[in-house]
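Q: Below are the C-alpha cells for one structure; questions will follow.
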Amino acid sequence: MIATGALTRDRRLGSLAIVAGAAFALAVQAAAPLGIALYDGVPLQEPYRFLHPSGDQAGSPTSFSKTIPVVGGVSPAFAAATSENPTQAQLVAQRGAFVLSAGAVSLQVSITPVEPPAAPAGGPIQGNVYRFSVTDQAGTSLAINACNGCVTLSMRAPDGIGDATIERFANGAWEDVLTVPIPVTNMFQTNPIVLGDVAVIGSVVAADDQFDLGRALPFILAGGAVVALIAGIAFLFFFVKPGGGDAPPLSEEPPRRVPSRQKGPPKRPADGPRCPKSGRSGR
C-alpha cells in the first residue's frame with residue numbers, strides 16, 4: 001500500500017517535470033528556431049508598391065473600380081480595396097452612407113493611385129496618393145451622409161514610418177483629418193466626411209529605432225518560457241495542497257457485516273438454554 005504523501009509528492013514531481021520539459025523545448029526553439037514551411041494558406045505581407053519606385057522598391061500598385069447597383073432607393077453597403085496584401089487603400093461604406101442624386105440607379109466606386117497634386121507642408125508623402133471617388137452612373141459625385149462612422153477609409157504606409165496622419169488635398173492645400181493609427185500593420189484609418197485625393201504624411205523612423213519583431217521574437221519566447229516555468233513551480237508548491245485529489249488510503253480493518261433484519265418473532269436458538277418446568281401437573 002502506498003501512502004498518500006508519497007502519491008502527492010510523486011504527482012508534484014511528475015507535473016514539475018512536464019512543465020520544465022515544455023519550458024525547455026520552448027526555450028530551445030526560441031534560441032534556434034527551425035525553419036518549417038507553412039502549407040496552411042497563411043498569406044505573407046507583400047512589400048509596399050510605389051507609383052514611382054526607386055532603388056529596390058516594388059512598383060505597379062493596383063486600383064479598384066466597380067459598379068454597384070442601387071436597390072430600394074438607398075445607397076448600398078460595399079467594401080472597396082486595392083488587391084495588395086495587405087491592401088494599400090480601402091473604403092468601406094454602410095447602407096445609406098451616401099446621399100443619392102435624383103435618378104441614381106448605381107454607384108461607381110473607384111480607388112486609384114495618382115500623381116501628388118502638391119508637396120505637403122507637414123512632411124513628405126509616405127507611399128502613394130490615392131483618389132477615392134463615389135459617383136452615380138452619370139459621374140456626379142455623391143456626398144457622404146451625416147452619419148457616425150458609416151464610411152471608413154484605410155491606407156497602408158510603407159515600412160519604417162513613425163508619426164503620421166492621413167491628409168486630404170482640398171482647395172490647393174493638404175488638410176489633416178482625424179486619424180487612428182494601427183502600427184502593427186502600418187495602417188491608418190479615418191471616418192471621412194468628404195472624399196478626394198488622400199495620402200499618409202509623416203516622417204521615417206531611423207533604422208536603429210525601428211522595432212524588429214523577427215529579431216525580438218526569440219527573446220520574447222524565451223522570456224515567456226522562463227515565466228511559465230516559474231509560474232508552474234509556484235502553483236505546484238504553493239497552491240496544490242497535500243492529499244488534494246488523492247484517493248483515501250485503504251483501511252486494513254475488514255469490513256463489518258451488518259445483520260439483516262428478520263420479519264416476525266425471533267427464533268429461539270436450538271442449542272440455547274431452556275426454561276425449567278414449573279412442576280405443575282401436565283406440564
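By convention in this document, the chains of the C-alpha cells carry letters A, B, ... by their order, each chain's residues are numbered from 1, and ligands are numbered from 1 in the order they are shown.
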Please provide the set of residues having any atom within 9 Å of Glu115 (chain A), restricted to only C-alpha atoms, with same-chain residues fewer than 6 positions apart removed, written as a ChimeraX atom specification.
A: /A:51,128-130
Q: Please identify the strand (DSSP E) residues within region 126-179 of chain A (assignment by DSSP from backbone atoms) and present them as a PyMOL selection string.
A: chain A and resi 129-136+151-156+161-170+173-176
Q: Please write the residues from the selection above to a file, keeping C-alpha atoms, as an mmCIF file, in the first residue's frame.
A:
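Okay, result_34.cif is ready:
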data_model
loop_
_atom_site.group_PDB
_atom_site.id
_atom_site.type_symbol
_atom_site.label_atom_id
_atom_site.label_comp_id
_atom_site.auth_asym_id
_atom_site.auth_seq_id
_atom_site.Cartn_x
_atom_site.Cartn_y
_atom_site.Cartn_z
ATOM 1 C CA VAL A 129 -1.593 59.445 -53.159
ATOM 2 C CA TYR A 130 -4.928 57.690 -53.774
ATOM 3 C CA ARG A 131 -8.036 59.225 -55.309
ATOM 4 C CA PHE A 132 -11.225 57.935 -53.665
ATOM 5 C CA SER A 133 -14.364 58.521 -55.695
ATOM 6 C CA VAL A 134 -18.043 57.544 -55.391
ATOM 7 C CA THR A 135 -20.356 58.835 -58.147
ATOM 8 C CA ASP A 136 -23.660 57.938 -59.727
ATOM 9 C CA VAL A 151 -17.763 55.375 -44.005
ATOM 10 C CA THR A 152 -14.257 54.144 -43.112
ATOM 11 C CA LEU A 153 -11.175 54.957 -45.166
ATOM 12 C CA SER A 154 -7.964 52.979 -44.569
ATOM 13 C CA MET A 155 -4.490 53.473 -46.001
ATOM 14 C CA ARG A 156 -1.331 51.460 -45.597
ATOM 15 C CA ILE A 161 7.001 55.133 -40.777
ATOM 16 C CA GLY A 162 6.870 56.972 -37.458
ATOM 17 C CA ASP A 163 4.334 59.643 -36.545
ATOM 18 C CA ALA A 164 1.979 60.065 -39.480
ATOM 19 C CA THR A 165 -1.568 61.135 -40.270
ATOM 20 C CA ILE A 166 -3.954 60.899 -43.176
ATOM 21 C CA GLU A 167 -4.360 64.165 -45.068
ATOM 22 C CA ARG A 168 -6.729 65.174 -47.871
ATOM 23 C CA PHE A 169 -5.894 67.624 -50.626
ATOM 24 C CA ALA A 170 -8.570 70.320 -50.906
ATOM 25 C CA ALA A 173 -3.555 72.546 -49.813
ATOM 26 C CA TRP A 174 -3.258 69.409 -47.717
ATOM 27 C CA GLU A 175 -5.570 69.228 -44.680
ATOM 28 C CA ASP A 176 -5.244 66.993 -41.645
#
Q: Neighbouring residues of Ser106 (chain A) were defined as those with any atom within 7 Å, considering only C-alpha atoms; residues of the same chain fewer than 4 positions away were excluded. Please report them as an MDAnalysis selection string.
A: chainID A and resid 67:70 136:137
Q: Based on the selection just made, write N, CA and C atoms of those residues as a PDB file, in the first residue's frame.
A:
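The result, stored in part-v3.pdb:
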ATOM      1  N   THR A  67     -18.934  48.859 -60.396  1.00  0.00           N
ATOM      2  CA  THR A  67     -20.284  49.421 -60.457  1.00  0.00           C
ATOM      3  C   THR A  67     -21.184  48.624 -59.524  1.00  0.00           C
ATOM      4  N   ILE A  68     -21.846  49.317 -58.604  1.00  0.00           N
ATOM      5  CA  ILE A  68     -22.681  48.661 -57.600  1.00  0.00           C
ATOM      6  C   ILE A  68     -24.109  49.170 -57.774  1.00  0.00           C
ATOM      7  N   PRO A  69     -25.077  48.289 -58.016  1.00  0.00           N
ATOM      8  CA  PRO A  69     -26.453  48.743 -58.249  1.00  0.00           C
ATOM      9  C   PRO A  69     -27.109  49.279 -56.981  1.00  0.00           C
ATOM     10  N   VAL A  70     -28.003  50.221 -57.168  1.00  0.00           N
ATOM     11  CA  VAL A  70     -28.786  50.793 -56.064  1.00  0.00           C
ATOM     12  C   VAL A  70     -30.087  49.992 -55.943  1.00  0.00           C
ATOM     13  N   ASP A 136     -22.543  58.678 -59.142  1.00  0.00           N
ATOM     14  CA  ASP A 136     -23.660  57.938 -59.727  1.00  0.00           C
ATOM     15  C   ASP A 136     -23.289  57.529 -61.147  1.00  0.00           C
ATOM     16  N   GLN A 137     -24.240  56.937 -61.874  1.00  0.00           N
ATOM     17  CA  GLN A 137     -23.936  56.436 -63.212  1.00  0.00           C
ATOM     18  C   GLN A 137     -23.606  57.546 -64.202  1.00  0.00           C
TER      19      GLN A 137
END
Q: Have a look at A:Ala77, A:Ala157, A:Ala89, A:Val177 and name the one nearest to Thr112 (chain A); count only C-alpha atoms.
A: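 Under the stated criterion, the closest residue is A:Ala89.
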Q: Quick one, how far is CA of Ala143 (chain A) from CA of Leu91 (chain A)?
A: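 Interatomic distance here is 14.4 Å.
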